[in-house]
$ cat protein_18.txt   # compact mmCIF, C-alpha atoms
# COMPACT_ATOMS: atom_id res chain seq x y z
CA SER A 1 0.00 0.00 0.00
CA PRO A 2 1.16 3.60 -0.53
CA MET A 3 0.87 4.30 3.23
CA HIS A 4 3.10 1.32 4.09
CA ARG A 5 5.67 2.37 1.48
CA LEU A 6 5.66 5.92 2.95
CA SER A 7 6.22 4.54 6.47
CA VAL A 8 9.13 2.37 5.29
CA MET A 9 10.69 5.32 3.43
CA ALA A 10 10.31 7.55 6.51
CA GLY A 11 11.97 4.88 8.66
CA VAL A 12 14.88 4.48 6.22
CA PHE A 13 15.29 8.25 5.95
CA SER A 14 15.26 8.65 9.77
CA ALA A 15 17.86 5.92 10.22
CA ALA A 16 20.10 7.51 7.58
CA LEU A 17 19.71 10.91 9.21
CA MET A 18 20.60 9.53 12.67
CA MET A 19 23.69 7.76 11.34
CA SER A 20 24.91 10.81 9.41
CA SER A 21 24.56 13.14 12.40
CA ALA A 22 26.99 10.98 14.35
CA THR A 23 29.73 11.89 11.89
CA PHE A 24 29.34 15.56 12.84
CA ALA A 25 29.42 15.02 16.59
CA GLN A 26 33.22 15.12 16.94
CA VAL A 27 35.32 17.96 15.59
CA PRO A 28 39.04 17.44 16.17
CA ALA A 29 40.85 19.93 18.40
CA ASP A 30 42.94 22.54 16.61
CA PRO A 31 46.37 22.85 18.29
CA ASN A 32 46.62 26.44 17.01
CA ASN A 33 43.46 27.48 18.84
CA PRO A 34 44.31 29.07 22.21
CA ASN A 35 40.79 28.22 23.42
CA GLU A 36 41.74 24.51 23.45
CA ALA A 37 44.07 25.01 26.45
CA VAL A 38 42.49 24.11 29.79
CA PRO A 39 43.76 26.41 32.55
CA ASP A 40 44.84 24.92 35.89
CA ALA A 41 43.12 27.57 38.01
CA MET A 42 40.29 30.09 38.07
CA THR A 43 41.08 33.32 39.89
CA LEU A 44 38.10 35.61 39.49
CA THR A 45 37.49 38.81 41.39
CA PRO A 46 34.39 38.13 43.53
CA TYR A 47 31.30 40.29 43.33
CA GLY A 48 30.57 42.61 46.22
CA GLU A 49 27.59 44.66 47.32
CA THR A 50 26.15 47.02 44.70
CA ILE A 51 27.94 50.37 44.53
CA ASN A 52 26.03 53.02 46.45
CA ILE A 53 24.93 56.28 44.86
CA GLU A 54 27.55 58.39 46.68
CA THR A 55 30.43 56.21 45.43
CA ALA A 56 28.89 56.00 41.96
CA LYS A 57 28.73 59.81 41.80
CA LYS A 58 32.41 60.01 42.86
CA ALA A 59 33.47 57.69 40.04
CA ALA A 60 31.39 59.62 37.50
CA ALA A 61 32.74 62.95 38.79
CA GLY A 62 36.30 61.70 38.36
CA ALA A 63 35.53 60.69 34.80
CA ILE A 64 33.82 63.97 33.93
CA ALA A 65 36.66 65.95 35.56
CA GLU A 66 39.14 64.16 33.28
CA ALA A 67 37.04 64.99 30.23
CA VAL A 68 36.76 68.66 31.26
CA LYS A 69 40.52 68.85 32.02
CA ARG A 70 41.20 67.65 28.46
CA ASN A 71 38.56 70.00 27.01
CA TRP A 72 36.45 67.07 25.77
CA ASN A 73 32.72 67.83 25.72
CA GLY A 74 30.70 65.00 24.24
CA LEU A 75 30.82 62.05 26.62
CA CYS A 76 28.26 59.96 28.46
CA VAL A 77 29.22 58.23 31.71
CA ALA A 78 27.25 55.31 33.12
CA ILE A 79 27.79 53.60 36.47
CA VAL A 80 26.19 50.19 37.03
CA GLY A 81 26.08 47.68 39.87
CA PRO A 82 27.64 44.20 39.64
CA SER A 83 24.55 42.83 37.85
CA GLY A 84 24.87 45.54 35.19
CA ASP A 85 21.84 47.53 36.33
CA LEU A 86 22.15 51.31 36.07
CA VAL A 87 22.95 53.14 39.31
CA TYR A 88 24.02 56.58 38.02
CA PHE A 89 24.28 58.31 34.66
CA GLU A 90 25.76 61.61 33.56
CA LYS A 91 25.74 63.12 30.07
CA GLN A 92 27.80 66.03 28.87
CA ASP A 93 25.76 68.54 26.87
CA ASN A 94 27.36 67.67 23.54
CA CYS A 95 27.15 63.86 23.81
CA GLN A 96 25.72 62.06 20.78
CA PHE A 97 22.40 60.30 21.39
CA ALA A 98 23.78 56.84 20.53
CA SER A 99 26.27 57.08 23.40
CA VAL A 100 23.54 57.26 26.05
CA THR A 101 22.88 53.53 25.62
CA ILE A 102 26.39 52.58 24.44
CA SER A 103 27.96 53.89 27.67
CA GLN A 104 25.48 51.80 29.67
CA HIS A 105 26.19 48.73 27.52
CA LYS A 106 29.94 49.11 28.09
CA ALA A 107 29.43 49.40 31.85
CA ARG A 108 27.03 46.44 31.92
CA THR A 109 29.46 44.22 29.99
CA ALA A 110 32.42 45.21 32.20
CA ALA A 111 30.41 44.44 35.36
CA ARG A 112 28.82 41.17 34.25
CA TYR A 113 32.01 39.75 32.75
CA ARG A 114 34.27 41.27 35.46
CA ARG A 115 36.75 42.59 32.90
CA PRO A 116 37.41 45.69 30.85
CA THR A 117 35.62 45.80 27.49
CA VAL A 118 38.98 46.40 25.79
CA VAL A 119 39.69 42.70 26.49
CA PHE A 120 36.92 41.71 24.05
CA GLU A 121 38.13 44.28 21.52
CA ARG A 122 41.70 42.95 21.64
CA LEU A 123 40.68 39.28 21.49
CA LEU A 124 38.48 39.90 18.44
CA GLY A 125 41.51 41.51 16.81
CA LYS A 126 43.43 38.25 17.24
CA GLY A 127 41.38 36.59 14.53
CA PRO A 128 38.92 33.81 13.81
CA PHE A 129 39.50 31.79 16.99
CA PHE A 130 37.72 34.59 18.86
CA ALA A 131 34.89 35.13 16.36
CA TYR A 132 32.51 33.55 18.92
CA LEU A 133 32.77 36.53 21.29
CA PRO A 134 29.97 38.61 19.72
CA THR A 135 27.65 35.61 20.18
CA LEU A 136 27.96 35.80 23.98
CA ASP A 137 25.07 37.46 25.79
CA ASP A 138 25.26 41.22 26.09
CA VAL A 139 28.87 41.72 24.96
CA ILE A 140 30.19 44.96 23.54
CA ALA A 141 33.73 44.76 22.18
CA SER A 142 34.62 48.42 22.39
CA ARG A 143 36.94 49.97 24.96
CA GLY A 144 35.57 52.34 27.60
CA GLY A 145 33.95 49.90 30.04
CA ASN A 146 35.87 49.04 33.23
CA PRO A 147 35.00 47.20 36.43
CA LEU A 148 34.88 49.18 39.66
CA VAL A 149 36.63 47.21 42.39
CA VAL A 150 36.40 48.21 46.05
CA GLY A 151 37.91 46.10 48.82
CA GLY A 152 38.92 43.44 46.29
CA LYS A 153 35.34 42.98 45.05
CA VAL A 154 33.54 44.09 41.89
CA VAL A 155 30.93 46.58 43.11
CA GLY A 156 29.99 47.73 39.61
CA ALA A 157 31.48 49.21 36.50
CA ILE A 158 31.85 52.44 34.59
CA GLY A 159 31.12 52.84 30.91
CA VAL A 160 32.03 55.86 28.80
CA SER A 161 31.01 56.60 25.22
CA GLY A 162 30.97 59.57 22.88
CA GLY A 163 34.60 59.99 21.89
CA THR A 164 37.14 57.77 20.21
CA GLY A 165 37.78 54.46 21.93
CA SER A 166 40.96 55.84 23.49
CA GLN A 167 39.15 58.94 24.76
CA ASP A 168 36.35 56.82 26.21
CA ASP A 169 38.81 54.52 27.97
CA THR A 170 40.97 57.37 29.30
CA VAL A 171 37.91 58.99 30.89
CA SER A 172 36.61 55.63 32.14
CA GLN A 173 39.97 54.85 33.77
CA ALA A 174 39.88 58.25 35.53
CA GLY A 175 36.59 57.17 37.13
CA VAL A 176 38.17 53.87 38.20
CA ALA A 177 41.18 55.70 39.69
CA VAL A 178 38.97 57.77 42.04
CA LEU A 179 37.97 54.59 43.90
CA LYS A 180 41.50 53.22 44.35
$ encode --input "protein_18.txt" --output "structure tokens"
Amino acid sequence: SPMHRLSVMAGVFSAALMMSSATFAQVPADPNNPNEAVPDAMTLTPYGETINIETAKKAAAGAIAEAVKRNWNGLCVAIVGPSGDLVYFEKQDNCQFASVTISQHKARTAARYRRPTVVFERLLGKGPFFAYLPTLDDVIASRGGNPLVVGGKVVGAIGVSGGTGSQDDTVSQAGVAVLK
């Protein structure tokens, strides 16, 4: 019958599909890929309590002071807690609209991943072995986001946007320095 023939064909097709998928299960390791190395240890800076508003304002003020000292008017400064949620935001009058959210994204990434956003930027520059980075949740691979560490714990992060990457990072680092 046509129905029986269809069932047999479906069974044969399913068996072939299952057998062929097994050939794709293993991909050999590439000795040139630095991601293949398994580190011996994990030394991560622990998260602390969320930065309070007073400390957040100090970090932002240090960043803005650096921008003003250099006669840069066009930056947005975002301070987030360890989870990446916004605690404080300051915008210079001449900051481009896109940088309102970009500064927050940089801060959020730096806090959640406990590392400066320049790390992602530099790794992407190393080539195809790091092409997976933009697929990670909520990553921005542009310098200007830096963790804020107090008492050896990540209490938040600062993100700056509106200038060149080096301007953003210089101003962001000035905010970090206030808390040291």
$ residues_near_point --input "protein_18.txt" --point "(30.1, 43.9, 27.1)" --cutoff "9 Å" --atoms "all atoms listed in the file" --output "PDB file with C-alpha atoms, in the coordinates of the input"
ATOM      1  CA  HIS A 105      26.190  48.730  27.520  1.00  0.00           C
ATOM      2  CA  LYS A 106      29.940  49.110  28.090  1.00  0.00           C
ATOM      3  CA  ALA A 107      29.430  49.400  31.850  1.00  0.00           C
ATOM      4  CA  ARG A 108      27.030  46.440  31.920  1.00  0.00           C
ATOM      5  CA  THR A 109      29.460  44.220  29.990  1.00  0.00           C
ATOM      6  CA  ALA A 110      32.420  45.210  32.200  1.00  0.00           C
ATOM      7  CA  ALA A 111      30.410  44.440  35.360  1.00  0.00           C
ATOM      8  CA  ARG A 112      28.820  41.170  34.250  1.00  0.00           C
ATOM      9  CA  TYR A 113      32.010  39.750  32.750  1.00  0.00           C
ATOM     10  CA  ARG A 115      36.750  42.590  32.900  1.00  0.00           C
ATOM     11  CA  PRO A 116      37.410  45.690  30.850  1.00  0.00           C
ATOM     12  CA  THR A 117      35.620  45.800  27.490  1.00  0.00           C
ATOM     13  CA  PHE A 120      36.920  41.710  24.050  1.00  0.00           C
ATOM     14  CA  LEU A 136      27.960  35.800  23.980  1.00  0.00           C
ATOM     15  CA  ASP A 137      25.070  37.460  25.790  1.00  0.00           C
ATOM     16  CA  ASP A 138      25.260  41.220  26.090  1.00  0.00           C
ATOM     17  CA  VAL A 139      28.870  41.720  24.960  1.00  0.00           C
ATOM     18  CA  ILE A 140      30.190  44.960  23.540  1.00  0.00           C
ATOM     19  CA  ALA A 141      33.730  44.760  22.180  1.00  0.00           C
ATOM     20  CA  SER A 142      34.620  48.420  22.390  1.00  0.00           C
ATOM     21  CA  GLY A 145      33.950  49.900  30.040  1.00  0.00           C
TER      22      GLY A 145
END
$ closest_residue --input "protein_18.txt" --among "A:Gly162, A:Ala29, A:Arg114, A:Ala177" --to "Thr43 of chain A" --atoms "only C-alpha atoms"
A:Arg114
$ residues_around --input "protein_18.txt" --residues "Gln104 of chain A" --least-positions-apart "5" --cutoff "9 Å" --atoms "only C-alpha atoms" --output "ChimeraX atom specification"
/A:76-80,84-86,89,99,109,145,158-161
$ residues_around --input "protein_18.txt" --residues "Thr45 of chain A" --least-positions-apart "6" --cutoff "7 Å" --atoms "all atoms listed in the file" --output "ChimeraX atom specification"
/A:152-154
$ closest_residue --input "protein_18.txt" --among "A:Pro134, A:Gly74, A:Gly48, A:Pro28" --to "Ala157 of chain A" --atoms "all atoms listed in the file"
A:Gly48
$ closest_residue --input "protein_18.txt" --among "A:Asn94, A:Gln173, A:Asp168, A:Val87" --to "Glu54 of chain A" --atoms "all atoms listed in the file"
A:Val87
